[in-house]
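Trainee: Structure provided below as structure tokens; questions to follow.
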Amino acid sequence: MFDNLKSCLIDDLEKKKAIDEILNPVVERADFCEDVKQYLYAVEVPPEKYCPECLKQYPGYENICFDCMVRLKNIKDMKSVRDITSKPYIDIKGKNIYEDFDEIFTDGNAKRLEEFDFTFRDYKKITRNIKSSALKQFDSLIKENEILTDHLNVYDFVLLFAKSFVNVEFKSYGGELGIYLYNTIDIDERLTRSLLITTLIHELSHFLIKEIITHILCGVLDCTKNSYVEAVSTFILSYSPFTQLIDEYCAHTVEGRFTLFGYQDYSSYLQIEKSIDDEMDRDEIEVTKSIGNTFSISIKDILESVLDDEVREKIKEQFLNDTIDRPNYGMLKMENCTILKDEGFVRAIWLILNEGFAVAGQNIEKLKEYEECF
Ligand SMILES: [Zn+2]
Ligand SMILES: [Zn+2]
């Protein structure tokens, strides 16, 4: 199967280019005159008030928004993003509604997965759906909580976007920077802002790959998403080094997209690689990482709908403000820069789901544990 997938590999040109640019930098001449000119014209009275209806901003001496006929509020009293609670949920409807694991693990469902009536177009439709529901959620969080996004620091902006996908909680104990489990991200508040941002993005990727796998499972089994199906996809992504490595390498690659190169964290997937003894050879590990890379492309696409070039630039600035360590480019050379062609990727998803489903069906106790947490 791995040899079969190997023949479907192609280069991830974007990732390759980004790494090349760091390892072989070209120094550009800055145009200082333009910058000074822009700065001189940009000085004007900063707004102090806003309309709670339309979120338009006003100078301090205004009191009413005449478009909406409401009293203005002070910008300094704006709600803090940390205090916003959100429990976003992406619905999937299907003909079957499973209320028990016995109803999921039937011969009929195993056969459906084996036959796998699923194409790359279906995959694209799923990622588009996830993107559009997150954007809708982001928009309503802004409106409901009267948030002026241009007054947020870059960490609060990313935090607000993260809250469009998952519930975010804060911890100040333990060794992990952050943990994603059961549609909740726990993040350690003692971190610097730049690390908070990249940790949020890393954990969001774990959520998104789980969400994608759940959507595919629901599509193929024609079922409604619920805690039982989510327990199965959680199991599939965590039971073997093969799927753990896909999940972790994907999160690592997405995080890398938003991190200043040279400050990336490799520990999470290196740990998994180290734990693989004889189960996979070097070639198989690289193909597995390429599967993770391929997932990361659609996850980056979902995140970049809001975390665009401008936000990425601000994240880099935040990194330069926070870090005193020198960048380390040594590990960059070892990055896997290949992805699977569409038909190879669908075959990889087939493998993940069919192997995972079979093992999951023999581990009902574990699934019950997961199910109760959703
Ligand atoms: Zn208004
Ligand atoms: Zn991780």
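Residues are referred to by chain and number: the chain letter is A, B, ... according to the order shown in the structure tokens, the number counts from 1 in that chain, and ligands are numbered separately from 1 in the order shown.
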Residues contacting ligand 2 - anything with an atom at most 9 Å away, using only C-alpha atoms and all ligand atoms - can you give me those as a list in words?
Mentor: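 Taking only C-alpha atoms and all ligand atoms into account, the residues around ligand 2 at most 9 Å away are Gly178, Ile179, Tyr180, Thr199, His202, Glu203, Ser205, His206, Asp247, Glu248, Tyr249, Cys250, Ala251, His252, Ser268 and Tyr269 of chain A.
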Trainee: For A:Gly256, work out the shell of residues within 10 Å, counting only C-alpha atoms and skipping chain neighbours fewer than 2 positions away, then give it as JSON, numbers by chain.
Mentor: {"A": [15, 198, 201, 202, 250, 251, 252, 253, 254, 258, 259, 260, 261, 262, 263, 264, 265, 266]}
Trainee: Restrict the selected residues to N, CA and C atoms and save them as a PDB file, in the first residue's frame.
Mentor:
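again_29.pdb was written with the following content:
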```pdb
ATOM      1  N   LYS A  15       5.687  25.114   0.300  1.00  0.00           N
ATOM      2  CA  LYS A  15       6.489  24.858   1.511  1.00  0.00           C
ATOM      3  C   LYS A  15       7.979  24.872   1.159  1.00  0.00           C
ATOM      4  N   THR A 198       0.976  30.469  18.227  1.00  0.00           N
ATOM      5  CA  THR A 198       1.315  29.265  17.455  1.00  0.00           C
ATOM      6  C   THR A 198       0.753  28.007  18.118  1.00  0.00           C
ATOM      7  N   ILE A 201      -2.831  27.782  17.014  1.00  0.00           N
ATOM      8  CA  ILE A 201      -2.914  27.317  15.622  1.00  0.00           C
ATOM      9  C   ILE A 201      -2.618  25.819  15.530  1.00  0.00           C
ATOM     10  N   HIS A 202      -1.616  25.363  16.276  1.00  0.00           N
ATOM     11  CA  HIS A 202      -1.275  23.937  16.296  1.00  0.00           C
ATOM     12  C   HIS A 202      -2.475  23.106  16.788  1.00  0.00           C
ATOM     13  N   CYS A 250       0.869  17.019  10.422  1.00  0.00           N
ATOM     14  CA  CYS A 250      -0.033  18.006   9.832  1.00  0.00           C
ATOM     15  C   CYS A 250      -0.081  19.251  10.722  1.00  0.00           C
ATOM     16  N   ALA A 251      -0.295  19.061  12.026  1.00  0.00           N
ATOM     17  CA  ALA A 251      -0.367  20.207  12.955  1.00  0.00           C
ATOM     18  C   ALA A 251       0.954  20.967  12.957  1.00  0.00           C
ATOM     19  N   HIS A 252       2.052  20.242  12.915  1.00  0.00           N
ATOM     20  CA  HIS A 252       3.382  20.859  12.891  1.00  0.00           C
ATOM     21  C   HIS A 252       3.561  21.720  11.635  1.00  0.00           C
ATOM     22  N   THR A 253       3.112  21.197  10.491  1.00  0.00           N
ATOM     23  CA  THR A 253       3.277  21.927   9.228  1.00  0.00           C
ATOM     24  C   THR A 253       2.400  23.177   9.198  1.00  0.00           C
ATOM     25  N   VAL A 254       1.159  23.061   9.672  1.00  0.00           N
ATOM     26  CA  VAL A 254       0.267  24.227   9.702  1.00  0.00           C
ATOM     27  C   VAL A 254       0.871  25.296  10.623  1.00  0.00           C
ATOM     28  N   PHE A 258       2.635  29.693  10.134  1.00  0.00           N
ATOM     29  CA  PHE A 258       2.355  30.938  10.849  1.00  0.00           C
ATOM     30  C   PHE A 258       3.459  31.300  11.850  1.00  0.00           C
ATOM     31  N   THR A 259       4.542  30.535  11.844  1.00  0.00           N
ATOM     32  CA  THR A 259       5.635  30.783  12.789  1.00  0.00           C
ATOM     33  C   THR A 259       6.801  31.395  12.039  1.00  0.00           C
ATOM     34  N   LEU A 260       7.581  32.155  12.753  1.00  0.00           N
ATOM     35  CA  LEU A 260       8.803  32.659  12.149  1.00  0.00           C
ATOM     36  C   LEU A 260       9.736  31.458  11.987  1.00  0.00           C
ATOM     37  N   PHE A 261      10.192  31.200  10.774  1.00  0.00           N
ATOM     38  CA  PHE A 261      11.060  30.045  10.554  1.00  0.00           C
ATOM     39  C   PHE A 261      12.300  30.137  11.439  1.00  0.00           C
ATOM     40  N   GLY A 262      12.721  29.010  11.944  1.00  0.00           N
ATOM     41  CA  GLY A 262      13.866  28.989  12.845  1.00  0.00           C
ATOM     42  C   GLY A 262      13.407  28.906  14.292  1.00  0.00           C
ATOM     43  N   TYR A 263      12.108  29.152  14.531  1.00  0.00           N
ATOM     44  CA  TYR A 263      11.567  29.068  15.890  1.00  0.00           C
ATOM     45  C   TYR A 263      10.506  27.979  15.984  1.00  0.00           C
ATOM     46  N   GLN A 264      10.519  27.058  15.029  1.00  0.00           N
ATOM     47  CA  GLN A 264       9.486  26.027  15.029  1.00  0.00           C
ATOM     48  C   GLN A 264       9.756  24.956  16.069  1.00  0.00           C
ATOM     49  N   ASP A 265       8.679  24.361  16.538  1.00  0.00           N
ATOM     50  CA  ASP A 265       8.794  23.321  17.539  1.00  0.00           C
ATOM     51  C   ASP A 265       8.639  21.964  16.843  1.00  0.00           C
ATOM     52  N   TYR A 266       9.657  21.112  16.961  1.00  0.00           N
ATOM     53  CA  TYR A 266       9.602  19.808  16.298  1.00  0.00           C
ATOM     54  C   TYR A 266       9.292  18.680  17.275  1.00  0.00           C
TER      55      TYR A 266
END
```
Trainee: Please check which protein, DNA or RNA residues sit within 8 Å of ligand 1, counting only C-alpha atoms and all ligand atoms, and write them as a ChimeraX atom specification.
Mentor: /A:50-56,65-70
Trainee: Just to be explicit: take each residue in the selection above, keep N, CA and C atoms, and write the result as a compact mmCIF listing (two decimals), in the first residue's frame.
Mentor:
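Output contents, as saved in part-v4.txt:
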```
# COMPACT_ATOMS: atom_id res chain seq x y z
N TYR A 50 -17.63 53.97 19.71
CA TYR A 50 -18.16 53.13 18.63
C TYR A 50 -19.66 52.95 18.80
N CYS A 51 -20.30 52.62 17.67
CA CYS A 51 -21.74 52.35 17.71
C CYS A 51 -21.93 50.85 17.96
N PRO A 52 -22.67 50.49 19.02
CA PRO A 52 -22.87 49.07 19.34
C PRO A 52 -23.71 48.33 18.29
N GLU A 53 -24.41 49.07 17.42
CA GLU A 53 -25.22 48.43 16.38
C GLU A 53 -24.40 48.10 15.15
N CYS A 54 -23.80 49.16 14.54
CA CYS A 54 -23.11 48.95 13.26
C CYS A 54 -21.59 48.88 13.42
N LEU A 55 -21.09 49.08 14.63
CA LEU A 55 -19.66 49.01 14.97
C LEU A 55 -18.82 50.09 14.28
N LYS A 56 -19.48 51.12 13.74
CA LYS A 56 -18.74 52.24 13.16
C LYS A 56 -18.06 53.02 14.29
N CYS A 65 -24.94 57.56 17.13
CA CYS A 65 -24.83 57.12 15.74
C CYS A 65 -26.19 57.39 15.10
N PHE A 66 -26.23 58.38 14.19
CA PHE A 66 -27.52 58.76 13.61
C PHE A 66 -28.00 57.78 12.55
N ASP A 67 -27.09 56.90 12.07
CA ASP A 67 -27.53 55.84 11.14
C ASP A 67 -28.40 54.84 11.88
N CYS A 68 -28.03 54.54 13.12
CA CYS A 68 -28.73 53.51 13.88
C CYS A 68 -29.60 54.10 14.99
N MET A 69 -29.46 55.41 15.24
CA MET A 69 -30.16 56.09 16.33
C MET A 69 -29.89 55.42 17.69
N VAL A 70 -28.63 55.19 17.98
CA VAL A 70 -28.28 54.65 19.31
C VAL A 70 -27.11 55.43 19.90
```
Trainee: Please report, as a tab-separated table, each residue of stretch 78-108 of chain A lying at most 12 Å from stretch 230-236 of chain A, together with the nearest pair of atoms and the separation in Å rounded to one decimal; use only C-alpha atoms, and order rows by chain and ascending residue number.
Mentor:
```
residue	atom	partner	partner_atom	distance
A:Ile90	CA	A:Glu230	CA	11.8
A:Asp91	CA	A:Glu230	CA	11.9
A:Ile92	CA	A:Glu230	CA	11.5
A:Tyr98	CA	A:Glu230	CA	11.3
A:Asp100	CA	A:Ala231	CA	11.2
A:Phe101	CA	A:Val232	CA	8.9
A:Ile104	CA	A:Val232	CA	9.2
A:Phe105	CA	A:Val232	CA	10.1
```
Trainee: Excluding A:Ile197 and its own-chain neighbours fewer than 2 positions away, which residues fall within 10 Å of it when counting only C-alpha atoms? Please give them as a PyMOL selection string.
Mentor: chain A and resi 154-159+162+187+191-195+199-202+255+258-259+315+318-319
Trainee: Could you pull out the alpha helix (DSSP H) residues of stretch 117-316 of chain A, going by DSSP on the backbone, and write them as a count of residues only?
Mentor: 130
Trainee: Record the distance separating atom CA of A:Asp102 and atom CA of A:Asn183, expressed in Å with one decimal.
Mentor: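 We find that atom CA of A:Asp102 and atom CA of A:Asn183 lie 24.0 Å from each other.
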Trainee: As a list in words, please: the residues near A:Ile75 (cut-off 12 Å, only C-alpha atoms, same-chain neighbours under 4 positions excluded).
Mentor: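 Near A:Ile75, the qualifying residues are Pro46, Pro47, Glu48, Lys49, Tyr50, Cys51, Pro52, Leu55, Lys56, Gln57, Tyr58, Pro59, Gly60, Lys79, Ser80, Glu146, Ile147, Leu148, Thr149, Asp150, His151 and Leu152 of chain A.
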Trainee: If we count only C-alpha atoms and set the cut-off at 6 Å, which residues sit around stretch 322-338 of chain A, ignoring sequence neighbours fewer than 4 positions away in its own chain? Please answer as number ranges by chain.
Mentor: A: 10-12, 16, 262-263, 290
Trainee: Atoms to include: C-alpha atoms. Write the selected residues as a PDB file, in the first residue's frame.
Mentor:
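See again_33.pdb below for the written result:
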```pdb
ATOM      1  CA  ILE A  10       4.547  15.372  -5.836  1.00  0.00           C
ATOM      2  CA  ASP A  11       6.425  18.404  -4.467  1.00  0.00           C
ATOM      3  CA  ASP A  12       4.740  20.887  -2.147  1.00  0.00           C
ATOM      4  CA  LYS A  16       9.696  24.210  -0.447  1.00  0.00           C
ATOM      5  CA  GLY A 262      13.866  28.989  12.845  1.00  0.00           C
ATOM      6  CA  TYR A 263      11.567  29.068  15.890  1.00  0.00           C
ATOM      7  CA  SER A 290       3.426  13.463   3.107  1.00  0.00           C
TER       8      SER A 290
END
```
Trainee: Residues of stretch 111-348 of chain A classed as strand (DSSP E or B) by DSSP on the backbone are to be reported as number ranges by chain.
Mentor: A: 167-171, 178-181, 184-188, 223, 338-340
Trainee: Report as a VMD selection string all protein, DNA and RNA residues lying within 9 Å of stretch 300-306 of chain A, evaluated on only C-alpha atoms, omitting residues in the same chain fewer than 4 positions from it.
Mentor: chain A and resid 127 to 128 130 to 132 134 to 135 158 161 201 205 254 to 255 257 295 to 296 311
Trainee: With N, CA and C atoms retained, write the just-selected residues as a compact mmCIF listing (two decimals), in the first residue's frame.
Mentor:
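After the write, selection-v5.txt holds the following:
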```txt
# COMPACT_ATOMS: atom_id res chain seq x y z
N THR A 127 -14.22 20.58 3.09
CA THR A 127 -13.37 21.64 3.66
C THR A 127 -14.00 23.02 3.42
N ARG A 128 -14.72 23.15 2.29
CA ARG A 128 -15.40 24.43 2.04
C ARG A 128 -16.51 24.67 3.08
N ILE A 130 -16.64 23.49 6.16
CA ILE A 130 -16.03 23.80 7.46
C ILE A 130 -15.60 25.26 7.48
N LYS A 131 -15.00 25.69 6.36
CA LYS A 131 -14.55 27.09 6.28
C LYS A 131 -15.73 28.04 6.40
N SER A 132 -16.82 27.77 5.67
CA SER A 132 -17.92 28.73 5.68
C SER A 132 -18.61 28.75 7.04
N ALA A 134 -17.15 28.29 9.94
CA ALA A 134 -16.26 29.04 10.85
C ALA A 134 -16.35 30.54 10.58
N LEU A 135 -16.42 30.91 9.30
CA LEU A 135 -16.52 32.34 8.96
C LEU A 135 -17.82 32.94 9.49
N VAL A 158 -6.32 36.24 16.91
CA VAL A 158 -6.23 34.79 16.64
C VAL A 158 -7.11 34.01 17.62
N PHE A 161 -10.65 34.14 16.53
CA PHE A 161 -10.87 33.24 15.40
C PHE A 161 -10.91 31.78 15.89
N ILE A 201 -2.83 27.78 17.01
CA ILE A 201 -2.91 27.32 15.62
C ILE A 201 -2.62 25.82 15.53
N SER A 205 -5.36 22.89 14.40
CA SER A 205 -5.14 21.92 13.32
C SER A 205 -5.58 20.53 13.76
N VAL A 254 1.16 23.06 9.67
CA VAL A 254 0.27 24.23 9.70
C VAL A 254 0.87 25.30 10.62
N GLU A 255 1.31 24.86 11.80
CA GLU A 255 1.93 25.79 12.76
C GLU A 255 3.11 26.51 12.11
N ARG A 257 3.58 27.33 9.10
CA ARG A 257 3.14 28.35 8.16
C ARG A 257 2.99 29.71 8.85
N PHE A 295 -3.00 16.93 4.14
CA PHE A 295 -4.09 17.45 4.98
C PHE A 295 -3.82 18.91 5.34
N SER A 296 -2.55 19.23 5.61
CA SER A 296 -2.22 20.58 6.10
C SER A 296 -2.57 21.65 5.07
N VAL A 311 -2.11 39.49 8.86
CA VAL A 311 -2.08 38.91 10.20
C VAL A 311 -0.78 38.12 10.38
```
Trainee: Which neighbours of A:Gly344 fall inside 10 Å, counting only C-alpha atoms, when residues of the same chain fewer than 2 positions from it are skipped, and could you give them as a list in words?
Mentor: Asn4, Leu5, Lys6, Ser7, Cys8, Leu9, Phe120, Ile291, Ile339, Leu340, Lys341, Asp342, Val346, Arg347, Ala348, Ile349 and Trp350 of chain A
Trainee: What would the file look like if the residues just selected were written as a tab-separated table (two decimals), in the first residue's frame with N, CA and C atoms?
Mentor:
```
chain	number	residue	atom	x	y	z
A	4	ASN	N	2.37	1.90	-3.33
A	4	ASN	CA	1.30	2.42	-4.17
A	4	ASN	C	1.14	3.93	-3.96
A	5	LEU	N	1.16	4.37	-2.69
A	5	LEU	CA	1.01	5.79	-2.37
A	5	LEU	C	2.25	6.58	-2.81
A	6	LYS	N	3.40	5.91	-2.70
A	6	LYS	CA	4.67	6.59	-3.03
A	6	LYS	C	4.68	7.07	-4.48
A	7	SER	N	4.01	6.29	-5.34
A	7	SER	CA	3.99	6.66	-6.75
A	7	SER	C	3.11	7.89	-6.99
A	8	CYS	N	2.34	8.31	-5.97
A	8	CYS	CA	1.45	9.47	-6.12
A	8	CYS	C	2.04	10.74	-5.52
A	9	LEU	N	3.31	10.71	-5.13
A	9	LEU	CA	3.88	11.89	-4.46
A	9	LEU	C	4.28	12.98	-5.45
A	120	PHE	N	-12.25	13.24	-4.56
A	120	PHE	CA	-11.54	14.44	-4.11
A	120	PHE	C	-12.48	15.65	-4.12
A	291	ILE	N	1.32	12.44	3.77
A	291	ILE	CA	-0.15	12.44	3.96
A	291	ILE	C	-0.51	13.59	4.91
A	339	ILE	N	3.69	16.19	-1.23
A	339	ILE	CA	2.27	15.95	-0.95
A	339	ILE	C	1.77	14.88	-1.91
A	340	LEU	N	0.55	14.38	-1.67
A	340	LEU	CA	0.00	13.36	-2.55
A	340	LEU	C	-0.88	13.99	-3.61
A	341	LYS	N	-0.84	13.41	-4.80
A	341	LYS	CA	-1.78	13.83	-5.85
A	341	LYS	C	-3.19	13.46	-5.41
A	342	ASP	N	-4.20	14.09	-6.01
A	342	ASP	CA	-5.59	13.91	-5.55
A	342	ASP	C	-5.99	12.45	-5.38
A	346	VAL	N	-6.94	10.38	-1.84
A	346	VAL	CA	-8.19	9.66	-1.57
A	346	VAL	C	-7.89	8.23	-1.14
A	347	ARG	N	-6.88	7.62	-1.78
A	347	ARG	CA	-6.49	6.26	-1.40
A	347	ARG	C	-5.94	6.24	0.04
A	348	ALA	N	-5.18	7.28	0.39
A	348	ALA	CA	-4.64	7.36	1.76
A	348	ALA	C	-5.77	7.48	2.77
A	349	ILE	N	-6.80	8.28	2.44
A	349	ILE	CA	-7.94	8.43	3.34
A	349	ILE	C	-8.68	7.09	3.48
A	350	TRP	N	-8.77	6.38	2.36
A	350	TRP	CA	-9.39	5.05	2.39
A	350	TRP	C	-8.66	4.15	3.40
```
Trainee: Could you tell me which of A:Glu211, A:Glu343, A:Glu310, A:Glu286 comes closest to A:Phe118 if we count only C-alpha atoms?
Mentor: A:Glu343
Trainee: What is the distance between atom CA of A:Leu320 and atom CA of A:Arg82, in Å to one decimal?
Mentor: 23.6 Å
